[in-house]
file my_file30.cif (mmCIF, C-alpha atoms and all ligand atoms)
data_coords
#
loop_
_atom_site.group_PDB
_atom_site.id
_atom_site.type_symbol
_atom_site.label_atom_id
_atom_site.label_comp_id
_atom_site.auth_asym_id
_atom_site.auth_seq_id
_atom_site.Cartn_x
_atom_site.Cartn_y
_atom_site.Cartn_z
ATOM 1 C CA MET T 672 24.965 29.384 6.853
ATOM 2 C CA SER T 673 23.346 27.847 9.880
ATOM 3 C CA SER T 674 24.293 24.701 11.770
ATOM 4 C CA ARG T 675 21.063 23.041 10.659
ATOM 5 C CA ARG T 676 21.963 19.889 8.727
ATOM 6 C CA PHE T 677 20.753 20.046 5.134
ATOM 7 C CA TRP T 678 17.818 17.656 4.675
ATOM 8 C CA VAL T 679 16.669 16.168 1.385
ATOM 9 C CA GLY T 680 13.559 14.017 1.252
ATOM 10 C CA GLY T 681 12.290 12.092 -1.727
ATOM 11 C CA ASN T 682 8.545 11.588 -1.830
ATOM 12 C CA TRP T 683 7.765 8.812 -4.271
ATOM 13 C CA LYS T 684 3.990 9.255 -3.729
ATOM 14 C CA MET T 685 2.000 6.302 -5.176
ATOM 15 C CA ASN T 686 4.770 5.116 -7.467
ATOM 16 C CA GLY T 687 7.200 2.224 -7.604
ATOM 17 C CA SER T 688 7.408 -1.542 -7.779
ATOM 18 C CA LEU T 689 9.736 -4.055 -6.143
ATOM 19 C CA ALA T 690 11.799 -4.196 -9.317
ATOM 20 C CA SER T 691 11.957 -0.456 -10.103
ATOM 21 C CA ASN T 692 12.649 0.472 -6.457
ATOM 22 C CA LYS T 693 15.618 -1.884 -6.378
ATOM 23 C CA GLU T 694 17.017 -0.552 -9.635
ATOM 24 C CA LEU T 695 16.700 3.079 -8.556
ATOM 25 C CA LEU T 696 18.152 2.557 -5.092
ATOM 26 C CA GLU T 697 21.090 0.624 -6.497
ATOM 27 C CA HIS T 698 21.718 3.515 -8.833
ATOM 28 C CA PHE T 699 21.542 6.032 -5.951
ATOM 29 C CA ALA T 700 24.078 4.052 -3.928
ATOM 30 C CA ALA T 701 26.458 3.718 -6.879
ATOM 31 C CA ALA T 702 26.250 7.446 -7.702
ATOM 32 C CA THR T 703 27.879 8.472 -4.403
ATOM 33 C CA PRO T 704 25.234 10.659 -2.785
ATOM 34 C CA SER T 705 26.041 13.573 -0.517
ATOM 35 C CA GLY T 706 27.909 12.640 2.610
ATOM 36 C CA SER T 707 26.796 15.745 4.475
ATOM 37 C CA ALA T 708 23.049 15.959 3.813
ATOM 38 C CA GLU T 709 20.485 13.902 5.693
ATOM 39 C CA VAL T 710 18.547 11.997 3.029
ATOM 40 C CA VAL T 711 15.193 10.280 3.504
ATOM 41 C CA ILE T 712 13.069 8.404 0.980
ATOM 42 C CA GLY T 713 9.291 8.270 1.362
ATOM 43 C CA ALA T 714 7.493 5.429 -0.361
ATOM 44 C CA PRO T 715 4.159 3.588 -0.251
ATOM 45 C CA ALA T 716 3.841 1.619 3.012
ATOM 46 C CA VAL T 717 3.969 -1.746 1.230
ATOM 47 C CA TYR T 718 7.526 -1.030 0.054
ATOM 48 C CA LEU T 719 9.017 0.373 3.258
ATOM 49 C CA ASN T 720 10.392 -2.954 4.416
ATOM 50 C CA GLN T 721 12.162 -3.390 1.099
ATOM 51 C CA LEU T 722 13.522 0.160 1.228
ATOM 52 C CA ALA T 723 14.777 -0.206 4.792
ATOM 53 C CA GLN T 724 16.966 -3.061 3.621
ATOM 54 C CA ILE T 725 18.439 -1.511 0.509
ATOM 55 C CA VAL T 726 18.568 2.301 0.823
ATOM 56 C CA PRO T 727 22.098 3.730 0.605
ATOM 57 C CA HIS T 728 23.987 3.648 3.888
ATOM 58 C CA GLY T 729 22.771 6.307 6.324
ATOM 59 C CA TRP T 730 19.598 7.217 4.432
ATOM 60 C CA GLY T 731 16.276 7.245 6.253
ATOM 61 C CA VAL T 732 12.989 5.710 5.187
ATOM 62 C CA ALA T 733 9.633 7.473 5.488
ATOM 63 C CA GLY T 734 6.014 6.453 5.380
ATOM 64 C CA GLU T 735 3.808 8.903 3.479
ATOM 65 C CA ASN T 736 0.974 8.850 5.982
ATOM 66 C CA CYS T 737 -0.158 7.149 9.191
ATOM 67 C CA TYR T 738 -3.157 7.086 11.495
ATOM 68 C CA THR T 739 -3.506 8.323 15.066
ATOM 69 C CA GLN T 740 -3.984 4.905 16.718
ATOM 70 C CA SER T 741 -1.567 2.014 17.321
ATOM 71 C CA SER T 742 -3.952 -0.747 16.220
ATOM 72 C CA GLY T 743 -7.626 -1.643 16.060
ATOM 73 C CA ALA T 744 -10.674 -1.545 13.843
ATOM 74 C CA PHE T 745 -9.477 1.073 11.343
ATOM 75 C CA THR T 746 -9.710 -0.740 8.034
ATOM 76 C CA GLY T 747 -7.086 0.345 5.544
ATOM 77 C CA GLU T 748 -5.057 2.454 7.941
ATOM 78 C CA VAL T 749 -1.427 2.051 9.023
ATOM 79 C CA SER T 750 -0.187 3.004 12.477
ATOM 80 C CA PRO T 751 3.054 4.808 13.345
ATOM 81 C CA GLU T 752 4.139 1.690 15.224
ATOM 82 C CA MET T 753 3.635 -0.398 12.075
ATOM 83 C CA LEU T 754 5.756 2.006 10.036
ATOM 84 C CA LYS T 755 8.513 1.606 12.609
ATOM 85 C CA ASP T 756 8.049 -2.150 12.653
ATOM 86 C CA VAL T 757 8.854 -2.412 8.937
ATOM 87 C CA GLY T 758 11.917 -0.186 9.212
ATOM 88 C CA ALA T 759 10.707 3.379 8.648
ATOM 89 C CA ASN T 760 12.120 6.082 10.896
ATOM 90 C CA TRP T 761 10.266 9.026 9.347
ATOM 91 C CA VAL T 762 6.775 9.837 8.172
ATOM 92 C CA ILE T 763 5.566 12.599 5.848
ATOM 93 C CA LEU T 764 2.327 14.112 7.166
ATOM 94 C CA GLY T 765 -0.043 16.800 5.947
ATOM 95 C CA HIS T 766 1.005 16.658 2.311
ATOM 96 C CA SER T 767 -1.272 18.859 0.212
ATOM 97 C CA GLU T 768 -2.469 15.800 -1.713
ATOM 98 C CA ARG T 769 -3.724 14.304 1.551
ATOM 99 C CA ARG T 770 -5.284 17.601 2.589
ATOM 100 C CA ALA T 771 -7.011 18.101 -0.781
ATOM 101 C CA ILE T 772 -7.933 14.578 -1.907
ATOM 102 C CA PHE T 773 -8.477 12.918 1.476
ATOM 103 C CA LYS T 774 -9.858 16.023 3.201
ATOM 104 C CA GLU T 775 -7.373 16.014 6.072
ATOM 105 C CA SER T 776 -7.911 19.005 8.349
ATOM 106 C CA ASP T 777 -5.191 21.042 10.056
ATOM 107 C CA GLU T 778 -6.194 19.503 13.394
ATOM 108 C CA PHE T 779 -6.085 15.934 12.067
ATOM 109 C CA VAL T 780 -2.618 16.517 10.590
ATOM 110 C CA ALA T 781 -1.496 17.973 13.912
ATOM 111 C CA GLU T 782 -2.911 15.045 15.886
ATOM 112 C CA LYS T 783 -1.169 12.574 13.587
ATOM 113 C CA THR T 784 2.084 14.497 13.949
ATOM 114 C CA ALA T 785 1.901 14.319 17.738
ATOM 115 C CA ARG T 786 1.082 10.604 17.672
ATOM 116 C CA ALA T 787 3.838 9.721 15.218
ATOM 117 C CA LEU T 788 6.390 11.594 17.342
ATOM 118 C CA LYS T 789 5.171 9.809 20.445
ATOM 119 C CA ALA T 790 5.668 6.490 18.663
ATOM 120 C CA GLY T 791 9.291 7.451 17.964
ATOM 121 C CA LEU T 792 9.078 8.499 14.323
ATOM 122 C CA LYS T 793 10.495 11.739 12.985
ATOM 123 C CA VAL T 794 8.014 13.801 11.020
ATOM 124 C CA SER T 795 8.195 15.926 7.916
ATOM 125 C CA VAL T 796 5.048 18.010 8.248
ATOM 126 C CA CYS T 797 3.902 19.836 5.123
ATOM 127 C CA CYS T 798 2.243 23.204 4.695
ATOM 128 C CA GLY T 799 1.576 25.521 1.794
ATOM 129 C CA GLU T 800 -0.934 27.698 0.043
ATOM 130 C CA LEU T 801 -3.079 27.264 -3.066
ATOM 131 C CA LEU T 802 -2.544 29.552 -6.052
ATOM 132 C CA GLU T 803 -5.714 31.530 -5.298
ATOM 133 C CA GLU T 804 -4.587 32.001 -1.702
ATOM 134 C CA ARG T 805 -1.217 33.358 -2.872
ATOM 135 C CA GLU T 806 -2.943 35.656 -5.349
ATOM 136 C CA ALA T 807 -5.207 36.919 -2.574
ATOM 137 C CA GLY T 808 -2.127 37.750 -0.475
ATOM 138 C CA GLU T 809 -2.995 35.046 2.055
ATOM 139 C CA THR T 810 0.098 32.855 1.857
ATOM 140 C CA GLN T 811 1.335 33.570 5.356
ATOM 141 C CA LYS T 812 -2.118 33.435 6.877
ATOM 142 C CA VAL T 813 -2.691 29.942 5.453
ATOM 143 C CA VAL T 814 0.737 28.613 6.435
ATOM 144 C CA ASP T 815 0.427 30.075 9.943
ATOM 145 C CA ARG T 816 -3.012 28.497 10.370
ATOM 146 C CA GLN T 817 -1.734 25.073 9.269
ATOM 147 C CA LEU T 818 1.295 25.320 11.547
ATOM 148 C CA LEU T 819 -0.568 26.747 14.532
ATOM 149 C CA ALA T 820 -2.548 23.523 14.782
ATOM 150 C CA VAL T 821 0.753 21.610 14.904
ATOM 151 C CA VAL T 822 2.213 24.004 17.493
ATOM 152 C CA LYS T 823 -0.791 23.430 19.740
ATOM 153 C CA ALA T 824 -0.420 19.635 19.538
ATOM 154 C CA LEU T 825 3.348 19.476 20.260
ATOM 155 C CA SER T 826 5.634 20.165 23.194
ATOM 156 C CA GLU T 827 8.779 22.241 22.698
ATOM 157 C CA GLU T 828 10.978 19.089 22.829
ATOM 158 C CA ASP T 829 8.942 17.447 20.057
ATOM 159 C CA TRP T 830 10.294 19.965 17.544
ATOM 160 C CA GLU T 831 13.725 18.313 17.615
ATOM 161 C CA ASN T 832 12.244 15.563 15.475
ATOM 162 C CA VAL T 833 10.238 17.696 13.071
ATOM 163 C CA VAL T 834 11.145 19.057 9.655
ATOM 164 C CA ILE T 835 8.714 21.576 8.168
ATOM 165 C CA ALA T 836 8.199 21.228 4.421
ATOM 166 C CA TYR T 837 6.886 24.397 2.797
ATOM 167 C CA GLU T 838 5.233 23.272 -0.411
ATOM 168 C CA PRO T 839 3.223 25.878 -2.317
ATOM 169 C CA VAL T 840 0.489 23.818 -3.944
ATOM 170 C CA TRP T 841 0.808 25.713 -7.249
ATOM 171 C CA ALA T 842 4.421 24.530 -7.523
ATOM 172 C CA ILE T 843 3.799 20.823 -6.905
ATOM 173 C CA GLY T 844 4.222 18.680 -9.989
ATOM 174 C CA THR T 845 3.637 21.694 -12.224
ATOM 175 C CA GLY T 846 7.189 22.599 -13.209
ATOM 176 C CA LYS T 847 6.460 26.080 -11.768
ATOM 177 C CA VAL T 848 9.068 26.308 -9.055
ATOM 178 C CA ALA T 849 8.932 29.128 -6.508
ATOM 179 C CA THR T 850 11.765 31.581 -7.021
ATOM 180 C CA PRO T 851 14.518 31.380 -4.417
ATOM 181 C CA GLU T 852 13.281 34.776 -3.158
ATOM 182 C CA GLN T 853 9.673 33.547 -2.821
ATOM 183 C CA ALA T 854 10.828 30.457 -0.919
ATOM 184 C CA GLN T 855 13.151 32.467 1.328
ATOM 185 C CA GLU T 856 10.411 34.971 2.146
ATOM 186 C CA VAL T 857 8.011 32.281 3.367
ATOM 187 C CA HIS T 858 10.710 30.251 5.145
ATOM 188 C CA GLN T 859 11.880 33.338 7.008
ATOM 189 C CA ALA T 860 8.309 34.110 8.022
ATOM 190 C CA ILE T 861 7.832 30.519 9.235
ATOM 191 C CA ARG T 862 10.977 30.881 11.357
ATOM 192 C CA GLN T 863 9.596 34.091 12.840
ATOM 193 C CA PHE T 864 6.307 32.312 13.469
ATOM 194 C CA LEU T 865 8.152 29.553 15.373
ATOM 195 C CA ALA T 866 10.052 32.139 17.431
ATOM 196 C CA LYS T 867 6.814 33.839 18.386
ATOM 197 C CA ASN T 868 4.684 30.756 18.961
ATOM 198 C CA VAL T 869 7.179 28.161 20.260
ATOM 199 C CA SER T 870 10.641 29.531 21.135
ATOM 200 C CA GLN T 871 13.689 31.193 19.623
ATOM 201 C CA ALA T 872 15.656 27.945 20.010
ATOM 202 C CA VAL T 873 13.066 25.974 18.050
ATOM 203 C CA ALA T 874 13.019 28.697 15.386
ATOM 204 C CA ASP T 875 16.816 28.565 15.103
ATOM 205 C CA ASN T 876 17.104 24.775 15.043
ATOM 206 C CA THR T 877 14.110 23.531 13.044
ATOM 207 C CA ARG T 878 14.806 22.637 9.458
ATOM 208 C CA ILE T 879 12.440 24.265 6.981
ATOM 209 C CA VAL T 880 12.668 22.644 3.561
ATOM 210 C CA TYR T 881 11.119 23.646 0.258
ATOM 211 C CA GLY T 882 9.068 21.382 -2.010
ATOM 212 C CA GLY T 883 7.552 22.029 -5.428
ATOM 213 C CA SER T 884 9.193 21.192 -8.778
ATOM 214 C CA VAL T 885 12.699 20.962 -7.303
ATOM 215 C CA ASN T 886 15.143 19.420 -9.779
ATOM 216 C CA PRO T 887 18.909 19.079 -10.234
ATOM 217 C CA LYS T 888 18.996 22.372 -12.191
ATOM 218 C CA ASN T 889 17.220 24.663 -9.724
ATOM 219 C CA CYS T 890 18.274 23.097 -6.418
ATOM 220 C CA VAL T 891 21.631 24.837 -5.978
ATOM 221 C CA GLU T 892 20.234 28.366 -6.178
ATOM 222 C CA LEU T 893 17.289 27.527 -3.916
ATOM 223 C CA GLY T 894 19.607 25.824 -1.443
ATOM 224 C CA GLN T 895 21.751 28.926 -1.104
ATOM 225 C CA LYS T 896 18.992 30.865 0.625
ATOM 226 C CA PRO T 897 19.716 31.143 4.351
ATOM 227 C CA ASP T 898 16.357 29.793 5.534
ATOM 228 C CA VAL T 899 16.079 26.993 2.965
ATOM 229 C CA ASP T 900 17.410 23.958 4.833
ATOM 230 C CA GLY T 901 16.753 21.372 2.147
ATOM 231 C CA PHE T 902 14.005 19.985 -0.047
ATOM 232 C CA LEU T 903 11.102 17.620 -0.264
ATOM 233 C CA VAL T 904 11.266 16.304 -3.802
ATOM 234 C CA GLY T 905 8.467 14.543 -5.655
ATOM 235 C CA GLY T 906 8.896 13.703 -9.348
ATOM 236 C CA ALA T 907 12.654 14.255 -9.448
ATOM 237 C CA SER T 908 13.194 11.759 -6.617
ATOM 238 C CA LEU T 909 12.113 8.976 -8.972
ATOM 239 C CA LYS T 910 14.966 9.730 -11.345
ATOM 240 C CA PRO T 911 18.609 8.653 -11.069
ATOM 241 C CA ASP T 912 19.886 12.239 -10.855
ATOM 242 C CA PHE T 913 18.024 12.768 -7.556
ATOM 243 C CA VAL T 914 21.487 12.108 -6.163
ATOM 244 C CA ASP T 915 22.569 15.495 -7.554
ATOM 245 C CA ILE T 916 19.868 17.197 -5.453
ATOM 246 C CA THR T 917 21.278 15.583 -2.307
ATOM 247 C CA LYS T 918 24.513 17.433 -3.121
ATOM 248 C CA ALA T 919 22.941 20.890 -3.623
ATOM 249 C CA ARG T 920 24.732 22.347 -0.599
ATOM 250 C CA ASP T 921 27.961 20.278 -0.785
HETATM 251 O O1 LIG T 1001 6.339 16.129 -1.671
HETATM 252 C C1 LIG T 1001 6.769 16.590 -2.722
HETATM 253 C C2 LIG T 1001 6.020 17.601 -3.430
HETATM 254 O O2 LIG T 1001 4.711 17.224 -3.640
HETATM 255 C C3 LIG T 1001 6.723 18.108 -4.654
HETATM 256 O O3 LIG T 1001 6.440 17.345 -5.787
HETATM 257 P P1 LIG T 1001 7.212 17.717 -7.146
HETATM 258 O O4 LIG T 1001 8.674 17.773 -6.803
HETATM 259 O O5 LIG T 1001 6.883 16.605 -8.098
HETATM 260 O O6 LIG T 1001 6.699 19.045 -7.587
#
call {"tool": "encode", "arguments": {"input": "my_file30.cif", "output": "structure tokens"}}
result
Amino acid sequence: MSSRRFWVGGNWKMNGSLASNKELLEHFAAATPSGSAEVVIGAPAVYLNQLAQIVPHGWGVAGENCYTQSSGAFTGEVSPEMLKDVGANWVILGHSERRAIFKESDEFVAEKTARALKAGLKVSVCCGELLEEREAGETQKVVDRQLLAVVKALSEEDWENVVIAYEPVWAIGTGKVATPEQAQEVHQAIRQFLAKNVSQAVADNTRIVYGGSVNPKNCVELGQKPDVDGFLVGGASLKPDFVDITKARD
């Protein structure tokens, strides 16, 4: 196994309330989460301040999106600086729901990634193919295209603060998890892509995590693959046994 620290992110998407967040986080803390994995919870921006105060000790807090500017006439947007101001230290960018529903382009995701890093946030940047793209044999082409935009926007040092989340769109919220072999194949190819397009050191050190119907039952086998450095978890991060996923590699 590599020296890359196992990373487990929860992505609550547009879910939660002050009361349910508190209940869930208290449960997580009481259930003794992994001491070795880096754990980060992503939540709607309005709840980040609450999360920053009550997440289990050592856990990070992530926004689920941000804009490219610090402030100004951008009605409805939230800046990276504002995420930091309310206690977030991470942001999830380029999630397939943002790409599909809000029409975010590869370049826009890359620009936001660069800006968030500049503001001092760490970034989990998402990539992944649609079912029809996989069936057409275009998985790697799509992932490379999405990541090439990010590569162009970042310096080599920036990569220290980036986690790549590979999330095949057909596996998100569907219960159809990628097999450990399918995940490993794409993760390995992403690492080769980083070696070719950034540097061998960045390829060796960047965490590449898998997302798409991860749950406490399938996480151990997925987490044993050498290039799977953790998970970005949607639905299962809203359940008490998310804590078991943080321990997949323990
Ligand atoms: O960001 C998380 C992904 O969208 C995965 O969601 P899921 O675990 O509910 O399939």
call {"tool": "residues_around", "arguments": {"input": "my_file30.cif", "residues": "Cys797 (chain T)", "least_positions_apart": "2", "cutoff": "10 Å", "atoms": "all atoms listed in the file", "output": "PyMOL selection string"}}
result
chain T and resi 763-767+770+780+794-795+799+814+817-818+834-839+879-882+903
call {"tool": "residues_near_ligand", "arguments": {"input": "my_file30.cif", "ligand": "ligand LIG 1001 (chain T)", "cutoff": "9 Å", "atoms": "only C-alpha atoms and all ligand atoms", "output": "count of residues only"}}
result
36
call {"tool": "resolve_selection", "arguments": {"input": "my_file30.cif", "expression": "the PyMOL selection byres (((chain T and resi 723-726) around 9) and not hetatm)", "output": "list of chain:residue names"}}
result
T:Lys693, T:Leu696, T:Glu697, T:Phe699, T:Ala700, T:Ile712, T:Tyr718, T:Leu719, T:Asn720, T:Gln721, T:Leu722, T:Pro727, T:His728, T:Gly729, T:Trp730, T:Gly731, T:Val732, T:Val757, T:Gly758, T:Ala759
call {"tool": "axis_aligned_box", "arguments": {"input": "my_file30.cif", "around": "region 793-797 of chain T", "padding_each_side": "8 Å", "output": "AutoDock Vina command-line options"}}
result
--center_x 7.2 --center_y 15.8 --center_z 9.1 --size_x 22.6 --size_y 24.1 --size_z 23.9
call {"tool": "closest_residue", "arguments": {"input": "my_file30.cif", "among": "T:Glu809, T:Asp777, T:Asp829, T:Asp921", "to": "Gln895 (chain T)", "atoms": "all atoms listed in the file"}}
result
T:Asp921
call {"tool": "closest_residue", "arguments": {"input": "my_file30.cif", "among": "T:Lys918, T:Arg878, T:Lys888, T:Arg805", "to": "Arg676 (chain T)", "atoms": "only C-alpha atoms"}}
result
T:Arg878
call {"tool": "closest_atom_pairs", "arguments": {"input": "my_file30.cif", "of": "region 788-907 of chain T", "to": "region 743-751 of chain T", "cutoff": "12 Å", "atoms": "all atoms listed in the file", "output": "CSV"}}
result
residue,atom,partner,partner_atom,distance
T:Leu788,CA,T:Pro751,CA,8.6
T:Lys789,CA,T:Pro751,CA,8.9
T:Ala790,CA,T:Pro751,CA,6.2
T:Gly791,CA,T:Pro751,CA,8.2
T:Leu792,CA,T:Pro751,CA,7.1
T:Lys793,CA,T:Pro751,CA,10.2
T:Val794,CA,T:Pro751,CA,10.5
call {"tool": "atom_distance", "arguments": {"input": "my_file30.cif", "atom1": "CA of Ala824 (chain T)", "atom2": "CA of Asp875 (chain T)"}}
result
19.9 Å
call {"tool": "resolve_selection", "arguments": {"input": "my_file30.cif", "expression": "the PyMOL selection byres (((chain T and resi 856-867) around 9) and not hetatm)", "output": "list in words"}}
result
Thr810, Gln811, Val814, Asp815, Leu818, Leu819, Val822, Tyr837, Pro851, Glu852, Gln853, Ala854, Gln855, Asn868, Val869, Ser870, Gln871, Ala872, Val873, Ala874, Asp875, Thr877, Ile879, Val880, Tyr881, Pro897, Asp898 and Val899 of chain T
